[in-house]
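Just model_39.txt here, compact mmCIF, C-alpha atoms:
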# COMPACT_ATOMS: atom_id res chain seq x y z
CA MET A 1 -45.29 -3.88 3.62
CA ASN A 2 -45.78 -2.68 0.06
CA CYS A 3 -43.26 -2.78 -2.80
CA GLU A 4 -41.76 0.58 -1.85
CA ASP A 5 -41.24 -0.45 1.76
CA VAL A 6 -39.48 -3.58 0.60
CA HIS A 7 -37.18 -1.69 -1.74
CA ALA A 8 -36.25 0.69 1.07
CA VAL A 9 -34.77 -2.15 3.14
CA LEU A 10 -33.37 -4.35 0.35
CA SER A 11 -29.77 -3.26 0.94
CA ASP A 12 -29.86 -4.63 4.51
CA TYR A 13 -31.85 -7.64 3.33
CA PHE A 14 -29.04 -8.66 0.95
CA GLU A 15 -26.43 -7.98 3.62
CA GLU A 16 -28.42 -10.13 6.03
CA THR A 17 -28.29 -7.36 8.60
CA LEU A 18 -32.03 -6.79 8.70
CA ALA A 19 -33.85 -7.32 12.00
CA GLU A 20 -35.62 -10.69 12.07
CA ASP A 21 -39.16 -9.28 12.32
CA ILE A 22 -38.65 -6.93 9.36
CA CYS A 23 -37.05 -9.78 7.45
CA ARG A 24 -40.20 -11.84 7.99
CA GLU A 25 -42.32 -8.98 6.66
CA VAL A 26 -40.12 -8.76 3.56
CA ARG A 27 -40.50 -12.50 2.96
CA ALA A 28 -44.24 -12.26 3.46
CA HIS A 29 -44.39 -9.55 0.80
CA LEU A 30 -42.19 -11.58 -1.56
CA ASP A 31 -44.52 -14.57 -1.14
CA GLN A 32 -47.44 -12.62 -2.53
CA CYS A 33 -45.72 -10.21 -4.95
CA ARG A 34 -44.35 -11.92 -8.02
CA ASP A 35 -42.54 -8.85 -9.41
CA CYS A 36 -40.64 -8.13 -6.20
CA ARG A 37 -39.86 -11.82 -5.88
CA ILE A 38 -38.31 -11.91 -9.36
CA TYR A 39 -36.43 -8.70 -8.68
CA VAL A 40 -34.92 -10.00 -5.43
CA ASP A 41 -34.21 -13.40 -6.94
CA THR A 42 -32.37 -12.02 -9.97
CA THR A 43 -30.35 -9.64 -7.79
CA GLN A 44 -29.34 -12.56 -5.58
CA LYS A 45 -28.35 -14.55 -8.65
CA THR A 46 -26.22 -11.60 -9.76
CA ILE A 47 -24.50 -11.59 -6.38
CA VAL A 48 -23.85 -15.34 -6.65
CA LEU A 49 -22.44 -14.78 -10.13
CA TYR A 50 -19.87 -12.18 -9.20
CA ARG A 51 -18.85 -13.89 -6.00
CA ALA A 52 -18.07 -16.99 -8.06
CA ARG A 53 -15.52 -15.09 -10.11
CA GLU A 54 -11.94 -16.14 -9.54
CA ALA A 55 -9.19 -13.67 -8.77
CA ALA A 56 -6.37 -13.34 -11.27
CA SER A 57 -2.98 -14.38 -9.97
CA VAL A 58 -0.03 -12.07 -10.39
CA PRO A 59 1.75 -13.17 -13.56
CA SER A 60 5.26 -14.40 -12.80
CA GLU A 61 6.94 -11.71 -14.90
CA VAL A 62 4.91 -8.97 -13.16
CA HIS A 63 5.97 -10.39 -9.80
CA HIS A 64 9.65 -10.38 -10.79
CA ARG A 65 9.51 -6.88 -12.30
CA LEU A 66 7.92 -5.63 -9.08
CA PHE A 67 10.69 -7.04 -6.91
CA ASP A 68 13.30 -5.67 -9.33
CA ALA A 69 11.67 -2.22 -9.21
CA LEU A 70 11.88 -2.35 -5.42
CA ASP A 71 15.52 -3.44 -5.62
CA LEU A 72 14.54 -6.73 -3.99
CA GLY A 73 15.32 -8.98 -6.94
CA ASP A 74 17.98 -10.87 -4.98
CA ILE A 75 15.55 -11.46 -2.10
CA VAL A 76 12.91 -13.13 -4.22
CA ALA A 77 15.58 -15.32 -5.79
CA THR A 78 17.15 -16.49 -2.56
CA ILE A 79 14.46 -16.67 0.09
CA PRO A 80 11.65 -19.13 -0.61
CA PHE A 81 8.59 -17.26 0.65
CA PRO A 82 5.66 -19.55 1.25
CA ARG A 83 2.31 -18.21 0.11
CA PRO A 84 0.93 -16.01 2.90
CA LYS A 85 -1.71 -17.13 5.31
CA ASN A 86 -5.03 -15.42 4.86
CA GLU A 87 -5.81 -14.84 8.49
CA ASP A 88 -7.23 -11.37 7.93
CA SER A 89 -9.63 -12.22 5.19
CA ASP A 90 -12.75 -13.48 6.81
CA PRO A 91 -15.10 -11.80 4.49
CA LEU A 92 -18.78 -12.21 4.02
CA SER A 93 -18.97 -15.83 4.97
CA MET B 1 25.71 -10.03 4.61
CA ARG B 2 23.91 -10.34 1.30
CA PRO B 3 21.02 -12.77 1.34
CA HIS B 4 22.43 -15.12 -1.28
CA LEU B 5 25.46 -15.71 0.93
CA ILE B 6 23.30 -17.08 3.76
CA SER B 7 23.40 -20.86 4.09
CA LYS B 8 20.42 -22.84 2.87
CA LYS B 9 19.44 -23.77 6.42
CA ASN B 10 19.42 -20.12 7.48
CA ARG B 11 17.49 -19.10 4.40
CA ILE B 12 14.72 -21.53 5.25
CA LYS B 13 14.79 -20.40 8.87
CA LYS B 14 14.44 -16.78 7.71
CA SER B 15 11.66 -17.73 5.34
CA LEU B 16 9.68 -19.32 8.17
CA GLU B 17 10.33 -16.35 10.45
CA VAL B 18 8.87 -13.86 8.02
CA TYR B 19 6.00 -16.23 7.25
CA GLU B 20 5.01 -16.36 10.91
CA ALA B 21 5.59 -12.65 11.58
CA SER B 22 2.65 -10.27 11.96
CA ASP B 23 2.28 -7.29 9.63
CA THR B 24 3.35 -4.97 12.44
CA GLU B 25 6.52 -6.98 13.07
CA LEU B 26 7.37 -7.02 9.36
CA VAL B 27 6.85 -3.25 9.09
CA GLU B 28 9.17 -2.67 12.07
CA GLN B 29 11.83 -5.03 10.73
CA ALA B 30 11.59 -3.54 7.23
CA ARG B 31 11.98 -0.06 8.69
CA ASP B 32 15.13 -1.27 10.44
CA GLY B 33 16.52 -2.26 7.05
CA ASP B 34 15.57 -5.95 6.99
CA ARG B 35 15.07 -6.51 3.26
CA ALA B 36 13.72 -10.02 3.70
CA ALA B 37 10.99 -8.60 5.94
CA LEU B 38 10.18 -5.98 3.32
CA GLY B 39 10.10 -8.68 0.66
CA ALA B 40 7.74 -10.77 2.76
CA LEU B 41 5.44 -7.79 3.25
CA VAL B 42 5.34 -7.14 -0.49
CA PHE B 43 4.78 -10.82 -1.15
CA ARG B 44 1.93 -10.94 1.37
CA TYR B 45 -0.01 -8.14 -0.33
CA GLU B 46 1.00 -8.13 -3.99
CA GLN B 47 -1.80 -10.51 -5.00
CA ALA B 48 -4.54 -8.44 -3.38
CA MET B 49 -3.15 -5.16 -4.71
CA TYR B 50 -2.76 -6.57 -8.22
CA ASN B 51 -6.35 -7.77 -8.31
CA LEU B 52 -7.60 -4.49 -6.95
CA ALA B 53 -5.63 -2.52 -9.54
CA LEU B 54 -6.68 -4.86 -12.34
CA SER B 55 -10.34 -4.46 -11.42
CA ILE B 56 -10.18 -0.68 -11.20
CA THR B 57 -8.08 -0.10 -14.31
CA GLY B 58 -9.36 -3.08 -16.32
CA ASN B 59 -5.98 -3.36 -17.96
CA ARG B 60 -2.89 -5.48 -17.16
CA GLN B 61 -0.29 -2.86 -17.98
CA ASP B 62 -2.05 -0.21 -15.90
CA ALA B 63 -2.50 -2.72 -13.08
CA GLU B 64 1.23 -3.42 -13.08
CA ASP B 65 2.04 0.30 -13.02
CA ALA B 66 -0.34 0.83 -10.09
CA LEU B 67 1.12 -2.21 -8.31
CA GLN B 68 4.66 -0.88 -8.59
CA GLU B 69 3.61 2.62 -7.59
CA THR B 70 1.86 1.24 -4.49
CA PHE B 71 4.89 -0.61 -3.17
CA LEU B 72 7.38 2.08 -4.20
CA THR B 73 5.25 4.45 -2.10
CA LEU B 74 5.42 1.94 0.76
CA VAL B 75 9.22 1.91 0.58
CA ARG B 76 9.39 5.72 0.42
CA ARG B 77 7.00 6.21 3.34
CA LEU B 78 8.03 3.33 5.57
CA ASP B 79 9.84 5.72 7.92
CA THR B 80 6.75 7.83 8.48
CA PHE B 81 4.32 4.95 8.87
CA ARG B 82 2.48 5.12 12.20
CA ALA B 83 2.87 1.93 14.23
CA GLU B 84 -0.79 1.85 15.22
CA ALA B 85 -2.10 2.06 11.65
CA ARG B 86 -2.97 -1.10 9.77
CA ILE B 87 -0.66 -1.65 6.84
CA SER B 88 -3.40 -3.39 4.84
CA THR B 89 -5.76 -0.41 5.07
CA TRP B 90 -2.92 1.92 4.18
CA LEU B 91 -1.87 -0.17 1.17
CA TYR B 92 -5.45 -0.40 -0.09
CA ARG B 93 -5.76 3.37 0.08
CA VAL B 94 -2.51 3.91 -1.84
CA ALA B 95 -3.45 1.27 -4.43
CA VAL B 96 -6.95 2.70 -4.96
CA ASN B 97 -5.51 6.18 -5.47
CA ALA B 98 -2.74 4.98 -7.78
CA SER B 99 -5.26 3.03 -9.89
CA LEU B 100 -7.77 5.86 -10.07
CA GLN B 101 -5.07 8.31 -11.06
CA ILE B 102 -4.11 6.08 -13.99
CA VAL B 103 -7.76 5.68 -15.04
CA ARG B 104 -8.37 9.43 -14.87
CA LYS B 105 -5.37 10.15 -17.04
CA ARG B 106 -6.75 7.92 -19.78
CA ARG B 107 -9.24 9.08 -22.33
CA PRO B 108 -12.78 8.19 -21.33
CA GLN B 109 -13.68 4.73 -22.55
CA VAL B 110 -16.77 3.83 -24.51
CA SER B 111 -19.43 2.73 -22.07
CA PHE B 112 -20.35 -0.94 -22.25
CA ASP B 113 -23.95 0.06 -22.93
CA ASP B 114 -23.12 1.54 -26.27
CA ASP B 115 -22.06 -1.25 -28.53
CA GLU B 116 -20.66 -4.57 -27.41
CA ALA B 117 -23.28 -5.48 -24.84
CA ALA B 118 -26.09 -4.48 -27.16
CA ILE B 119 -25.24 -6.99 -29.87
CA VAL B 120 -25.16 -9.97 -27.52
CA GLU B 121 -28.40 -11.87 -27.82
CA PRO B 122 -30.03 -12.81 -24.52
CA ALA B 123 -29.63 -16.51 -23.82
CA HIS B 124 -33.22 -17.16 -22.88
CA GLU B 125 -33.10 -20.82 -23.70
CA GLN B 126 -30.62 -21.40 -20.89
CA THR B 127 -31.71 -21.58 -17.29
CA PRO B 128 -30.27 -18.67 -15.32
CA LEU B 129 -28.23 -20.90 -13.01
CA ARG B 130 -26.61 -22.73 -15.90
CA TRP B 131 -25.99 -19.45 -17.60
CA VAL B 132 -24.60 -17.96 -14.42
CA VAL B 133 -21.51 -20.16 -14.59
CA SER B 134 -20.91 -19.65 -18.30
CA GLU B 135 -18.00 -17.73 -19.80
CA GLU B 136 -20.48 -15.49 -21.53
CA ALA B 137 -21.95 -14.47 -18.19
CA LYS B 138 -18.53 -13.71 -16.75
CA ALA B 139 -17.60 -11.57 -19.74
CA LEU B 140 -20.84 -9.62 -19.55
CA LEU B 141 -20.39 -9.10 -15.84
CA ASP B 142 -16.82 -7.86 -16.34
CA ARG B 143 -18.07 -5.29 -18.83
CA ALA B 144 -20.86 -4.28 -16.46
CA ILE B 145 -18.42 -3.81 -13.57
CA ALA B 146 -16.10 -1.78 -15.81
CA GLY B 147 -19.09 0.37 -16.75
CA LEU B 148 -19.98 1.24 -13.15
CA PRO B 149 -19.34 4.84 -12.10
CA GLU B 150 -16.00 5.17 -10.32
CA THR B 151 -17.43 5.69 -6.81
CA LEU B 152 -19.62 2.59 -7.06
CA ARG B 153 -16.96 0.46 -8.71
CA THR B 154 -14.35 1.19 -6.05
CA VAL B 155 -16.70 0.28 -3.19
CA PHE B 156 -17.90 -2.80 -5.05
CA ILE B 157 -14.34 -4.08 -5.62
CA LEU B 158 -13.20 -3.47 -2.04
CA ARG B 159 -16.30 -5.09 -0.52
CA GLU B 160 -17.01 -7.94 -2.89
CA GLN B 161 -13.68 -8.82 -4.44
CA GLN B 162 -11.24 -7.87 -1.69
CA GLU B 163 -13.79 -8.84 0.96
CA LEU B 164 -13.09 -5.88 3.22
CA SER B 165 -15.65 -5.07 5.90
CA THR B 166 -17.91 -2.05 5.54
CA GLY B 167 -15.86 -0.31 8.23
CA GLU B 168 -12.51 -0.95 6.61
CA THR B 169 -13.81 0.07 3.18
CA ALA B 170 -15.02 3.34 4.70
CA GLU B 171 -11.59 3.87 6.24
CA VAL B 172 -9.74 3.14 2.99
CA LEU B 173 -11.93 5.57 1.04
CA GLY B 174 -12.21 8.20 3.76
CA THR B 175 -15.99 8.06 3.79
CA THR B 176 -18.79 6.89 6.08
CA GLU B 177 -20.06 3.34 6.56
CA GLN B 178 -23.50 4.47 5.43
CA ALA B 179 -22.05 5.79 2.17
CA VAL B 180 -20.30 2.46 1.62
CA LYS B 181 -23.57 0.57 2.19
CA ASN B 182 -25.49 2.84 -0.16
CA ARG B 183 -22.90 2.58 -2.91
CA LEU B 184 -22.63 -1.19 -2.63
CA HIS B 185 -26.38 -1.49 -2.96
CA ARG B 186 -26.48 0.82 -5.97
CA ALA B 187 -23.64 -1.16 -7.55
CA ARG B 188 -25.50 -4.44 -7.06
CA ILE B 189 -28.69 -3.07 -8.58
CA ALA B 190 -26.79 -1.58 -11.51
CA LEU B 191 -25.11 -4.94 -12.17
CA ARG B 192 -28.40 -6.78 -11.85
CA ASN B 193 -29.96 -4.42 -14.38
CA ALA B 194 -27.00 -4.82 -16.74
CA ILE B 195 -27.44 -8.58 -16.94
CA ALA B 196 -31.22 -8.55 -16.57
CA PRO B 197 -31.90 -9.38 -20.24
CA TYR B 198 -30.34 -12.77 -19.54
CA PHE B 199 -32.78 -13.72 -16.86
CA GLU B 200 -35.84 -15.61 -18.00
CA GLU B 201 -38.28 -13.47 -16.12
CA GLU B 202 -38.29 -9.76 -15.51
CA PRO B 203 -40.40 -7.91 -12.95
CA TRP B 204 -42.85 -5.21 -13.95
CA GLY B 205 -42.33 -6.27 -17.54
CA VAL B 206 -39.44 -3.81 -17.98
CA ARG B 207 -35.82 -3.34 -16.98
CA ARG B 208 -35.55 -1.11 -13.96
Represent the structure contained in this file as structure tokens.
Amino acid sequence: MNCEDVHAVLSDYFEETLAEDICREVRAHLDQCRDCRIYVDTTQKTIVLYRAREAASVPSEVHHRLFDALDLGDIVATIPFPRPKNEDSDPLS
Amino acid sequence: MRPHLISKKNRIKKSLEVYEASDTELVEQARDGDRAALGALVFRYEQAMYNLALSITGNRQDAEDALQETFLTLVRRLDTFRAEARISTWLYRVAVNASLQIVRKRRPQVSFDDDEAAIVEPAHEQTPLRWVVSEEAKALLDRAIAGLPETLRTVFILREQQELSTGETAEVLGTTEQAVKNRLHRARIALRNAIAPYFEEEPWGVRR
């Protein structure tokens, strides 16, 4: 594999959906090509960086204005909703 | 009977019922006029929709407007909602469209490349991993994400922040899985390039 070949499959490499044999070829190229290695490494660090970002919670006043706008203000005041389970979110882990 | 007239015991019972209910059950109950079920549905998704809207619009007021528009649309369209459709996918689609509409109405913003990012000195003395967790890094990344073209940013937010699958992202945006993969990759490379000056080493001696 040369640099161009590696770049052509990088998307699947980051997604970890690349076939094992091609993955080995990519790693072999990275072992001997410093520039590609730095490129892949810094992209992976970027991915780590944005995955580490925390989500903003809905500010309390925004939450209450939403329920008021939906004419559900009395509901939110009287029924203690527990925070929802996150059964559907089984992301990229 | 109005909800505040229900006894405390029944209120807690109701609260647990809606907590345990599936999305499909809540949609059916809400359509039958069960306001607690509708409230639970809104509660279940308001966090995700707010974050999505905040990321696309980059602005709290716009995010709140998009949030309200999304759930007002849900209330208006509840009767026509197909039972076999997933409410989450449907809500994401409405929220993406509401957010994009708000962004498009605004005057174009100054790209992050132009001024702010340019005056920040690269922190070469820090190791990348230490820098990666710094506030400075987060701020730069936020600007870089805001500076992504709309098509890349939307895919990036749905995949990486909302953690939708490639298939569901394609469904929300009405595009193909291949297009989602391509855009996610382009978004990642664009973000890498935006923060590249902060990495100690750069390949090929230049930013790509």
Checklist outcome for this item: As a check of understanding: the span from CA of Ala53 in chain B to CA of Ala95 in chain B is 6.7 Å
Checklist entry - Using all atoms listed in the file, which of the listed residues (A:Met1, A:Ala55, A:Ile22, A:Leu30) sits closest to Ala48 in chain B? => result A:Ala55
Go through chain B and flag each residue having an atom no more than 8 Å from chain A; for those, report the closest pair of atoms plus their distance in Å to one decimal, using only C-alpha atoms, ordered by chain and rising number, as CSV.
residue,atom,partner,partner_atom,distance
B:Pro3,CA,A:Ile75,CA,6.6
B:His4,CA,A:Thr78,CA,5.6
B:Arg11,CA,A:Ile79,CA,5.8
B:Ile12,CA,A:Pro80,CA,7.0
B:Lys14,CA,A:Ile79,CA,7.6
B:Ser15,CA,A:Phe81,CA,5.6
B:Leu16,CA,A:Phe81,CA,7.9
B:Tyr19,CA,A:Pro84,CA,6.7
B:Arg35,CA,A:Leu72,CA,7.3
B:Ala36,CA,A:Ile75,CA,6.3
B:Gly39,CA,A:Ile75,CA,6.7
B:Ala40,CA,A:Phe81,CA,6.9
B:Phe43,CA,A:Pro84,CA,7.6
B:Arg44,CA,A:Pro84,CA,5.4
B:Glu46,CA,A:Val58,CA,7.6
B:Gln47,CA,A:Val58,CA,5.9
B:Tyr50,CA,A:Val58,CA,6.5
B:Asn51,CA,A:Ala56,CA,6.3
B:Glu64,CA,A:Val62,CA,6.7
B:Leu67,CA,A:Leu66,CA,7.7
B:Gln68,CA,A:Leu66,CA,5.8
B:Phe71,CA,A:Leu70,CA,7.5
B:Leu72,CA,A:Leu70,CA,6.4
B:Val75,CA,A:Leu70,CA,7.8
B:Leu129,CA,A:Lys45,CA,7.7
B:Val132,CA,A:Leu49,CA,5.8
B:Val133,CA,A:Leu49,CA,7.0
B:Lys138,CA,A:Arg53,CA,7.4
B:Leu141,CA,A:Tyr50,CA,7.3
B:Glu160,CA,A:Arg51,CA,7.0
B:Gln161,CA,A:Arg51,CA,7.4
B:Glu163,CA,A:Pro91,CA,4.8
B:Leu164,CA,A:Pro91,CA,6.4
B:Ser165,CA,A:Pro91,CA,6.9
B:Lys181,CA,A:Ser11,CA,7.4
B:Asn182,CA,A:Ser11,CA,7.5
B:His185,CA,A:Ser11,CA,5.5
B:Arg188,CA,A:Thr43,CA,7.1
B:Ile189,CA,A:Thr43,CA,6.8
B:Leu191,CA,A:Thr46,CA,7.2
B:Arg192,CA,A:Thr43,CA,5.3
B:Ile195,CA,A:Thr46,CA,7.9
B:Ala196,CA,A:Thr42,CA,7.5
B:Phe199,CA,A:Thr42,CA,7.1
B:Glu201,CA,A:Ile38,CA,6.9
B:Glu202,CA,A:Ile38,CA,6.5
B:Pro203,CA,A:Asp35,CA,4.2
B:Trp204,CA,A:Asp35,CA,5.8
Next on the checklist: Between CA of Tyr92 in chain B and CA of Val172 in chain B, what distance in Å does the model show, to one decimal?
Outcome noted: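 A separation of 6.4 Å between them.
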Next on the checklist: What's the separation between CA of Leu158 in chain B and CA of Ala139 in chain B, in Å to one decimal place?
Outcome noted: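 If I compute the distance from CA of Leu158 in chain B to CA of Ala139 in chain B, I get 20.0 Å.
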Item to check | Selection: 8 Å around Ser99 in chain B, only C-alpha atoms, excl. self and same-chain fewer than 3 positions, as an MDAnalysis selection string | outcome: chainID B and resid 53 56:57 62:63 66 95:96 102:103
